[in-house]
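K.L.:
There's a structure below that I have some questions on.
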Amino acid sequence: MAPSLGNFLLWLSLFFATFQFFASRKKNNLKLKFITIAVGGLLISSLLAFFLLIYVHVVSDFSVLNVFQNSHTTKPLLYKISGVWGNHEGSMLLWIIVLTIFNYFIFKLYNKKNFSFISKTLETQAFIIIGFVLFTILTSNPFERIIPEQNDGLGFNPILQDPALAIHPPLLYIGYVGFSAAFSISIATLNFNNNEKIPWYNYMKPFVMAAWTFLTIGIALGSVWAYYELGWGGWWFWDPVENASLMPWLLGTALLHSLIIVEKRKSLQSWVLLLSILAFLLSVLGTFLVRSGILTSVHTFALDPSRGLYILIFTALLGGYSLILYGTKSKKYFNNDFFSFLSKEGSILINNILMVIVCATVFLGTVYPLLIEAFTNNKISVGEPYYNSTVIPILIPAILVMGIGPLLAWKKEDKSKIFKKIFPSILLTGIMTILIFSIYRSYTLIGIVGIILSFWIISNNLIILIRKNKKYSIGMIIAHLGVGFLILGITGSSVWQEERITRMKFSEETKIKEHKIVFEKIDEIKGANYIALQGNFLVYDENGNIFTKLKPENRFYPVTSNFTTEASIHTNLFRDLYIVLGEGNLNEGWVVRIYYNPLVVWIWIGALVIFLGGLVSINANVKKLKILEQ
Amino acid sequence: MILKKSFIIIISFCLMQFLSNNSYTVEPDEVLKNQKQELRARNISKNVRCMVCQNQSIDDSNAPLAKDLRILIRSKIKDGKNDEEIYKFLTDRYGDFILLKPPLKLSTLALWFFPFIFLIIGIFIVFYHNKKSKNF
Amino acid sequence: MKKQLIIIPSILFLLILLTFFYLLIIERNPSEIPSNLIEKNVPKFEAESLINSKKFISHDEFGNEIILVNFFATWCKPCIEEHIYIQRFADEEKIRVIGINYKDNPKKTIKWLNKLGNPYSNVLLDKNGRIAIDWGVYGIPETYVVNSKGIIKYKHIGPITEKIYKKINSLTKEIK
């Protein structure tokens with residue numbers, strides 16, 4: 001019953017989306033009523049469909065193909081639920097509900113003055129929703145049945161059964177999909193004559209802030225999972241699917257900064273309209289890369305070229321229409337308001353240019369192997385070394401500018417005042433740098449540069465906080481501080497990492513940095529759906545006292561016949577102590593890998609702080625919008 | 001106690017069967033005695049793609065082929081081969097795909113130079129804008 | 001000027017989409033890596049044979065007739081699946097097939113061949129996997145077609161299927 005109802009609700013959503021599309025185009029007295037019904041109906045039917053999918057997973061209804069392929073009766077409840085969006089079909093439902101939720105928030109913007117503008121926005125949003133719902137129904141229906149009904153499911157990859165990974169997709173999708181609202185507003189703006197001077201940028205900003213903020217934490221959670229789960233302390237691999245989430249983030253960063261200029265100074269409008277189109281196009285293209293089967297990656301869903309063709313055509317339609325529209329209609333948004341480069345606008349423009357360059361480079365690196373394959377029948381790899389050589393040199397000036405930018409005046413900064421403004425932070429940066437190098441005494445060029453940059457950001461923002469200057473937005477300060485922490489964590493963990501690989505028998509000891517580590521024993525343990533060998537390691541501090549016991553595991557999940565390793569990690573603000581148990585036996589001993597990762601936790605702290613800053617900004621922007629609309 | 005020990009033996013045996021087809025990343029027995037050579041080996045390994053797993057270097061990978069290649073690279077270093085010769089040995093057999101840092105060739109010129117071109121365009125935009133705003 | 005700035009990237013964007021379209025509609029396996037040894041000479045190697053005591057020297061054996069080289073192991077499940085086709089290459093098509101036993105236990109291999117049948121004119125032992133590396137093997141089973149001049153003409157990764165069986169047959173007839 002439930003799956004059929006779910007399927008029906010999908011069709012119903014398609015109906016409401018189509019209804020919304022046509023209703024928002026027509027001019028008649030009932031327009032508002034029709035649109036209200038459409039938006040509400042769309043929201044409710046899509047949410048119900050989503051909850052029904054969760055329901056069939058939770059009750060383990062194996063008549064549903066999606067449940068059979070991805071679940072099992074022994075799977076813990078949390079992962080039965082998160083397993084809903086861990087597969088292709090279920091994640092498409094997630095795309096859809098985020099689209100319809102944002103659709104609803106666009107609808108909430110209605111007031112007497114902006115009726116036709118918001119209607120136009122809803123028209124574009126409806127088109128996007130139709131595209132995705134139709135795709136889901138035609139190629140990826142999660143309510144498809146399996147005949148005959150099965151007794152139990154195929155299980156679910158155990159390394160995906162993790163709390164961080166459970167929440168990673170919903171947050172990520174609020175990000176990707178949130179940019180759809182900015183896209184729709186941009187299309188409406190380009191199509192609109194704007195005689196009534198609709199403040200489209202005021203509408204766009206909260207959506208961009210929301211999308212960007214959640215995309216940030218979504219990406220960070222993916223990295224957290226990789227670090228804790230995959231067993232070698234890495235957290236970013238320049239995998240095509242990771243890049244697909246990074247590109248909208250980079251453009252989103254550029255977008256939220258240039259929106260500030262548009263709001264305040266009304267300049268750069270046509271640039272912002274283009275950026276918001278590109279950000280969403282990259283989200284959709286990212287979806288294509290992940291789901292079409294055009295490349296393989298740990299992240300890709302099941303490979304299916306027919307799905308790929310649909311998304312590609314949809315991307316081409318959306319991209320073709322929006323870019324041609326931009327090409328023909330953006331002229332009216334050009335303006336000649338110029339500003340000196342030594343100004344707040346100037347530094348935001350530099351940020352934008354650099355973010356776009358990084359985005360273009362990441363795009364190039366991601367897409368290039370496919371281009372080479374198509375033209376030369378050869379395959380190449382574009383991995384970490386490429387991105388390190390190309391992206392890092394561009395980020396360095398971007399971070400430098402980020403420290404000083406907020407301090408500069410609008411339009412033109414007085415050159416004589418600059419030194420006075422930045423002197424305190426230069427001093428503080430210097431002090432903090434010297435302090436940290438007295439603790440971690442390893443000196444490399446990239447390490448010194450990274451540390452200086454992170455403290456440059458941190459000290460600039462700390463000083464703003466201390467001075468309690470009301471004119472700075474709190475959200476910005478918090479978010480920028482977060483970036484400083486992030487760079488600190490990235491630099492420390494990359495350049496000061498130490499590793500110890502050795503073979504140990506019971507009671508043997510080894511040393512890493514100031515810690516003595518003793519291999520006590522191995523226990524066998526039983527989990528919800530696995531059995532495991534658990535190593536027990538005693539960790540001593542520099543005074544010879546045991547301060548923790550680390551217990552890495554090697555697990556076996558019988559249902560899927562998967563083996564996984566679970567690292568055991570002791571975290572503090574200075575470093576992570578990370579132990580992985582390898583193979584071995586009682587006679588020869590066990591392979592043990594120990595990592596000393598300085599400052600890693602600051603990466604996660606940084607991301608969290610950026611997220612908090614973003615939330616504060618979303619709140620401030622929504623409040624501002626409410627006031628403006630009075 | 002005996003039961004516990006035999007359980008450990010069974011599990012570790014099963015793991016070994018699996019793991020001997022999937023040995024771990026750089027193992028203690030692979031590490032070269034000469035630290036400089038070992039560092040070279042690690043750096044080269046970080047640039048060599050694991051052909052079997054997705055997007056990992058052989059330095060990080062569990063796969064048996066990764067281990068074989070790690071050992072091979074170390075023996076070549078001990079034989080006195082330089083980095084270029086080792087990379088050529090690998091690309092002769094596995095093609096350019098095995099390098100994580102794409103080689104500079106005619107076909108990859110665009111890949112390596114476009115970021116630089118993007119930067120030039122960016123700087124150009126800066127100067128263009130600056131020129132226009134010099135009037136105030 | 002602004003117009004060009006947006007036209008050029010848009011055209012590039014379109015070209016990239018067209019390239020993706022092309023890649024989707026042709027038959028390709030995104031995880032398969034093309035061999036670097038096609039149209040090149042067979043790698044020089046020496047190996048112990050499972051069957052006879054004489055050492056196998058590659059430049060003595062290749063370069064006289066068409067030979068199929070099949071990398072296999074007893075611990076590899078797909079190798080069992082494709083075995084029937086290897087047998088057919090040897091029996092029906094009368095093509096010489098050399099088997100290279102990858103990282104295996106010779107005793108187990110003898111048992112395996114006794115049970116399933118031995119299509120190989122010779123079975124070479126690659127205990128440490130070095131021969132496989134010289135051939136650019138990254139996942140068994142892999143099968144190579146070598147012409148009568150000792151040049152590698154074709155490589156197939158994964159088990160032989162009916163389709164690939166037909167393809168290799170027509171290829172061997174062509175290069176005769």
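Ordering of the structure tokens sets the chain letters (A, B, ...); residue numbers start at 1 within each chain; ligands are numbered from 1 in the order shown.
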Listing only residues of chain A within 10 Å of chain C, what is the closest atom pair and its distance in Å (to one decimal) for each, using only C-alpha atoms, sorted by chain and residue number ascending, as a tab-separated table?
P.N.:
residue	atom	partner	partner_atom	distance
A:Leu274	CA	C:Ile6	CA	9.5
A:Leu285	CA	C:Leu17	CA	9.4
A:Phe288	CA	C:Phe20	CA	9.8
A:Leu289	CA	C:Phe20	CA	9.4
A:Ser292	CA	C:Leu24	CA	8.1
A:Gly293	CA	C:Pro30	CA	7.3
A:Ile294	CA	C:Pro30	CA	6.2
A:Leu295	CA	C:Pro30	CA	5.3
A:Thr296	CA	C:Ser31	CA	5.9
A:Ser297	CA	C:Ser31	CA	8.8
A:Leu303	CA	C:Pro30	CA	9.4
A:Asp304	CA	C:Leu24	CA	9.3
A:Pro305	CA	C:Leu24	CA	5.8
A:Ser306	CA	C:Leu24	CA	8.3
A:Arg307	CA	C:Leu24	CA	10.0
A:Gly308	CA	C:Leu24	CA	7.2
A:Leu309	CA	C:Phe21	CA	7.0
A:Leu312	CA	C:Leu17	CA	7.2
A:Ile313	CA	C:Phe21	CA	8.8
A:Thr315	CA	C:Leu17	CA	8.6
A:Ala316	CA	C:Leu17	CA	7.2
A:Gly319	CA	C:Ser10	CA	8.9
A:Gly320	CA	C:Leu14	CA	8.3
A:Leu323	CA	C:Ser10	CA	7.3
A:Ile324	CA	C:Ser10	CA	8.9
A:Tyr326	CA	C:Ile6	CA	9.1
A:Gly327	CA	C:Lys3	CA	7.1
A:Thr328	CA	C:Lys3	CA	9.3
A:Lys331	CA	C:Lys2	CA	9.7
A:Val367	CA	C:Ile16	CA	8.3
A:Tyr368	CA	C:Ile16	CA	9.6
A:Leu370	CA	C:Phe20	CA	7.7
A:Leu371	CA	C:Thr19	CA	6.8
A:Ile372	CA	C:Thr19	CA	9.9
A:Glu373	CA	C:Leu23	CA	8.5
A:Ala374	CA	C:Leu23	CA	6.5
A:Phe375	CA	C:Thr19	CA	8.8
A:Asn377	CA	C:Pro34	CA	7.9
A:Asn378	CA	C:Pro34	CA	6.7
A:Lys379	CA	C:Ile33	CA	6.7
A:Ile380	CA	C:Ile33	CA	9.2
K.L.:
I'd like the contact shell of Phe72 in chain C - 8 Å cut-off, only C-alpha atoms, skipping same-chain residues fewer than 6 positions apart - returned as an NGL selection string.
P.N.:
:C and (79 or 99-102 or 140-142)
K.L.:
To one decimal place, how far is CA of Tyr176 in chain A from CA of Thr189 in chain A in Å?
P.N.:
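Separation between CA of Tyr176 in chain A and CA of Thr189 in chain A: 20.8 Å.
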K.L.:
Output as an MDAnalysis selection string the set of chain B residues within 6 Å of chain C, with distances taken over only C-alpha atoms.
P.N.:
chainID B and resid 93:95
K.L.:
Pull N, CA and C atoms from the residues just selected and write them as a PDB file, in the first residue's frame.
P.N.:
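What ended up in out_18.pdb:
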ATOM      1  N   ARG B  93      54.487   0.707 -18.875  1.00  0.00           N
ATOM      2  CA  ARG B  93      53.616  -0.443 -18.682  1.00  0.00           C
ATOM      3  C   ARG B  93      52.160  -0.095 -18.465  1.00  0.00           C
ATOM      4  N   TYR B  94      51.916   1.011 -17.754  1.00  0.00           N
ATOM      5  CA  TYR B  94      50.537   1.335 -17.391  1.00  0.00           C
ATOM      6  C   TYR B  94      50.002   2.601 -18.026  1.00  0.00           C
ATOM      7  N   GLY B  95      50.816   3.260 -18.806  1.00  0.00           N
ATOM      8  CA  GLY B  95      50.345   4.492 -19.432  1.00  0.00           C
ATOM      9  C   GLY B  95      50.383   5.671 -18.482  1.00  0.00           C
TER      10      GLY B  95
END
K.L.:
With a distance cut-off of 9 Å and only C-alpha atoms, select the neighbouring residues of Ile98 in chain B, excluding the residue or stretch itself and same-chain residues fewer than 4 positions from it, and output the selection as a list of chain:residue names.
P.N.:
A:Ile380, A:Ser381, B:Asn47, B:Val48, B:Arg49, B:Cys50, B:Met51, B:Leu90, B:Thr91, B:Tyr94
K.L.:
Since we have the selection now, will you write its residues out, keeping C-alpha atoms, as a short mmCIF file (atom, residue, chain, number, x, y, z; two decimals), in the first residue's frame?
P.N.:
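Saved the output as selection24.cif:
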data_model
loop_
_atom_site.label_atom_id
_atom_site.label_comp_id
_atom_site.auth_asym_id
_atom_site.auth_seq_id
_atom_site.Cartn_x
_atom_site.Cartn_y
_atom_site.Cartn_z
CA ILE A 380 45.23 10.33 -17.73
CA SER A 381 44.84 11.08 -14.08
CA ASN B 47 52.49 10.39 -7.13
CA VAL B 48 51.65 6.90 -8.37
CA ARG B 49 48.00 6.04 -8.72
CA CYS B 50 46.62 2.82 -7.40
CA MET B 51 45.24 1.20 -10.54
CA LEU B 90 55.71 2.65 -14.76
CA THR B 91 54.22 4.66 -17.63
CA TYR B 94 50.54 1.34 -17.39
#
K.L.:
Per DSSP on the backbone, what are the strand (DSSP E) residues of range 92-134 of chain C, as a PyMOL selection string?
P.N.:
chain C and resi 96-102+122-126
K.L.:
Would you write out those residues with C-alpha atoms, as a short mmCIF file (atom, residue, chain, number, x, y, z; two decimals), in the first residue's frame?
P.N.:
data_model
loop_
_atom_site.label_atom_id
_atom_site.label_comp_id
_atom_site.auth_asym_id
_atom_site.auth_seq_id
_atom_site.Cartn_x
_atom_site.Cartn_y
_atom_site.Cartn_z
CA ARG C 96 48.04 -21.51 -28.94
CA VAL C 97 47.28 -20.20 -25.43
CA ILE C 98 49.92 -19.56 -22.82
CA GLY C 99 48.69 -19.26 -19.26
CA ILE C 100 50.48 -17.12 -16.73
CA ASN C 101 49.65 -18.18 -13.22
CA TYR C 102 49.59 -15.01 -11.09
CA ASN C 122 52.43 -23.89 -21.33
CA VAL C 123 51.70 -22.58 -17.83
CA LEU C 124 54.19 -20.05 -16.50
CA LEU C 125 54.57 -19.15 -12.86
CA ASP C 126 54.49 -15.50 -11.83
#
K.L.:
Just how far from CA of Ile618 in chain A is CA of Leu400 in chain A, in Å to one decimal?
P.N.:
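Rounded to one decimal, the two atoms are 25.5 Å apart.
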K.L.:
Give me the chain A side of the contact with chain B, cut-off 9 Å, one line per residue showing its nearest atom pair and distance in Å at one decimal, counting only C-alpha atoms, sorted by chain and residue number, as a Markdown table.
P.N.:
| residue | atom | partner | partner_atom | distance |
| --- | --- | --- | --- | --- |
| A:Trp232 | CA | B:Asp60 | CA | 6.9 |
| A:Phe237 | CA | B:Asn55 | CA | 7.2 |
| A:Trp238 | CA | B:Asn55 | CA | 8.2 |
| A:Asp239 | CA | B:Asn55 | CA | 6.4 |
| A:Thr296 | CA | B:Gln54 | CA | 7.6 |
| A:Ser297 | CA | B:Gln54 | CA | 5.6 |
| A:Val298 | CA | B:Gln54 | CA | 6.0 |
| A:Asp337 | CA | B:Ser133 | CA | 8.6 |
| A:Phe338 | CA | B:Ser133 | CA | 5.4 |
| A:Phe339 | CA | B:Ser133 | CA | 6.0 |
| A:Ser340 | CA | B:Ser133 | CA | 6.3 |
| A:Phe341 | CA | B:Asn130 | CA | 6.8 |
| A:Leu349 | CA | B:Val126 | CA | 8.6 |
| A:Ile350 | CA | B:Val126 | CA | 7.8 |
| A:Ile353 | CA | B:Gly122 | CA | 6.0 |
| A:Leu354 | CA | B:Gly122 | CA | 7.6 |
| A:Val356 | CA | B:Phe118 | CA | 8.9 |
| A:Ile357 | CA | B:Phe118 | CA | 5.9 |
| A:Val358 | CA | B:Pro115 | CA | 8.1 |
| A:Ala360 | CA | B:Pro115 | CA | 7.6 |
| A:Thr361 | CA | B:Pro115 | CA | 5.6 |
| A:Leu364 | CA | B:Leu111 | CA | 6.8 |
| A:Gly365 | CA | B:Leu111 | CA | 7.0 |
| A:Tyr368 | CA | B:Leu111 | CA | 7.0 |
| A:Ile372 | CA | B:Ser107 | CA | 7.5 |
| A:Thr376 | CA | B:Ser107 | CA | 8.5 |
| A:Asn378 | CA | B:Asp96 | CA | 8.2 |
| A:Lys379 | CA | B:Phe97 | CA | 5.5 |
| A:Ile380 | CA | B:Phe97 | CA | 4.0 |
| A:Ser381 | CA | B:Phe97 | CA | 5.0 |
| A:Val382 | CA | B:Leu100 | CA | 5.6 |
| A:Gly383 | CA | B:Leu100 | CA | 4.5 |
| A:Glu384 | CA | B:Leu100 | CA | 6.8 |
| A:Pro385 | CA | B:Lys101 | CA | 5.2 |
| A:Tyr386 | CA | B:Lys101 | CA | 5.4 |
| A:Tyr387 | CA | B:Lys101 | CA | 8.9 |
| A:Thr390 | CA | B:Pro115 | CA | 6.7 |
| A:Val391 | CA | B:Pro115 | CA | 8.5 |
| A:Ile394 | CA | B:Leu119 | CA | 8.3 |
| A:Ile501 | CA | B:Pro28 | CA | 5.6 |
| A:Thr502 | CA | B:Pro28 | CA | 5.0 |
| A:Arg503 | CA | B:Pro28 | CA | 6.4 |
| A:Ile522 | CA | B:Ile8 | CA | 7.7 |
| A:Asp523 | CA | B:Ile8 | CA | 7.6 |
| A:Glu524 | CA | B:Ile8 | CA | 6.7 |
| A:Ala532 | CA | B:Ile11 | CA | 8.1 |
| A:Leu533 | CA | B:Ile11 | CA | 7.3 |
| A:Asn554 | CA | B:Leu15 | CA | 8.4 |
| A:Phe556 | CA | B:Leu15 | CA | 8.5 |
| A:Phe563 | CA | B:Leu15 | CA | 8.1 |
| A:Gly582 | CA | B:Tyr24 | CA | 6.5 |
| A:Glu583 | CA | B:Met16 | CA | 6.4 |
| A:Gly584 | CA | B:Ser12 | CA | 7.0 |
| A:Asn585 | CA | B:Ser12 | CA | 6.3 |
| A:Leu586 | CA | B:Ile9 | CA | 7.7 |
| A:Val591 | CA | B:Glu27 | CA | 7.1 |
| A:Val592 | CA | B:Pro28 | CA | 8.7 |
| A:Arg593 | CA | B:Glu27 | CA | 8.6 |
K.L.:
What's around Phe574 in chain A at 9 Å? Count only C-alpha atoms, leave out sequence neighbours fewer than 6 positions away in its own chain, and write the answer as a list in words.
P.N.:
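Result of the neighbour search: Asn597, Pro598, Leu599, Val600, Val601 and Trp602 of chain A.
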K.L.:
Would you mind exporting the chosen residues as a short mmCIF file (atom, residue, chain, number, x, y, z; two decimals), in the first residue's frame, restricted to N, CA and C atoms?
P.N.:
data_model
loop_
_atom_site.label_atom_id
_atom_site.label_comp_id
_atom_site.auth_asym_id
_atom_site.auth_seq_id
_atom_site.Cartn_x
_atom_site.Cartn_y
_atom_site.Cartn_z
N ASN A 597 48.91 13.73 14.25
CA ASN A 597 48.39 14.76 13.35
C ASN A 597 48.15 16.06 14.10
N PRO A 598 49.05 17.02 14.00
CA PRO A 598 48.87 18.26 14.75
C PRO A 598 47.71 19.10 14.21
N LEU A 599 46.98 19.68 15.13
CA LEU A 599 45.97 20.71 14.84
C LEU A 599 44.81 20.26 13.95
N VAL A 600 44.65 18.96 13.76
CA VAL A 600 43.58 18.49 12.88
C VAL A 600 42.22 18.98 13.33
N VAL A 601 41.97 18.97 14.63
CA VAL A 601 40.64 19.30 15.12
C VAL A 601 40.25 20.73 14.75
N TRP A 602 41.26 21.58 14.49
CA TRP A 602 40.95 22.95 14.09
C TRP A 602 40.27 23.02 12.73
#
K.L.:
Using only C-alpha atoms, determine which residues lie at most 9 Å from Ile86 in chain C, disregarding the query and same-chain residues fewer than 6 positions distant; provide the list as a ChimeraX atom specification.
P.N.:
/C:70,97,119-120,160,165
K.L.:
As a PyMOL selection string, please: all residues of range 81-141 of chain A that backbone DSSP puts in helix (DSSP H, G or I).
P.N.:
chain A and resi 81-82+88-107+115-139
K.L.:
Name all residues at most 12 Å from Glu85 in chain B (count only C-alpha atoms; drop same-chain ones fewer than 5 positions away) and give them as a ChimeraX atom specification.
P.N.:
/B:44,73,76-77,79-80,90-92
K.L.:
Grab the residues selected above and save them as an mmCIF file, in the first residue's frame with N, CA and C atoms.
P.N.:
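New file result-v5.cif:
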data_model
loop_
_atom_site.group_PDB
_atom_site.id
_atom_site.type_symbol
_atom_site.label_atom_id
_atom_site.label_comp_id
_atom_site.auth_asym_id
_atom_site.auth_seq_id
_atom_site.Cartn_x
_atom_site.Cartn_y
_atom_site.Cartn_z
ATOM 1 N N ILE B 44 57.699 9.369 -4.366
ATOM 2 C CA ILE B 44 57.323 8.800 -5.658
ATOM 3 C C ILE B 44 55.988 8.067 -5.534
ATOM 4 N N ILE B 73 59.357 -0.077 -6.558
ATOM 5 C CA ILE B 73 59.959 1.262 -6.565
ATOM 6 C C ILE B 73 61.161 1.307 -5.630
ATOM 7 N N LYS B 76 64.126 -0.400 -7.133
ATOM 8 C CA LYS B 76 64.735 0.408 -8.196
ATOM 9 C C LYS B 76 65.548 1.562 -7.617
ATOM 10 N N ILE B 77 65.062 2.125 -6.519
ATOM 11 C CA ILE B 77 65.822 3.188 -5.868
ATOM 12 C C ILE B 77 67.152 2.641 -5.365
ATOM 13 N N ASP B 79 68.723 0.218 -6.610
ATOM 14 C CA ASP B 79 69.561 -0.051 -7.780
ATOM 15 C C ASP B 79 70.164 1.216 -8.362
ATOM 16 N N GLY B 80 69.742 2.364 -7.822
ATOM 17 C CA GLY B 80 70.354 3.597 -8.286
ATOM 18 C C GLY B 80 69.601 4.316 -9.385
ATOM 19 N N LEU B 90 57.121 2.852 -15.058
ATOM 20 C CA LEU B 90 55.709 2.654 -14.757
ATOM 21 C C LEU B 90 54.819 3.065 -15.924
ATOM 22 N N THR B 91 55.110 4.211 -16.552
ATOM 23 C CA THR B 91 54.224 4.656 -17.626
ATOM 24 C C THR B 91 54.377 3.797 -18.877
ATOM 25 N N ASP B 92 55.562 3.205 -19.096
ATOM 26 C CA ASP B 92 55.726 2.284 -20.218
ATOM 27 C C ASP B 92 54.753 1.128 -20.108
#
K.L.:
Figure out the distance between CA of Gly403 in chain A and CA of Ile457 in chain A, please, to one decimal in Å.
P.N.:
4.8 Å
K.L.:
For Val64 in chain A, which residue out of A:Ala181, A:Leu14, A:Ala211, A:Ala2 is the nearest one, using only C-alpha atoms?
P.N.:
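Smallest separation from Val64 in chain A among the options: A:Ala2.
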K.L.:
Excluding same-chain residues fewer than 3 positions from Asp414 in chain A, what lies within 9 Å of it counting only C-alpha atoms, as a list in words?
P.N.:
Leu342, Ser343, Leu408, Ala409, Lys417 and Ile418 of chain A
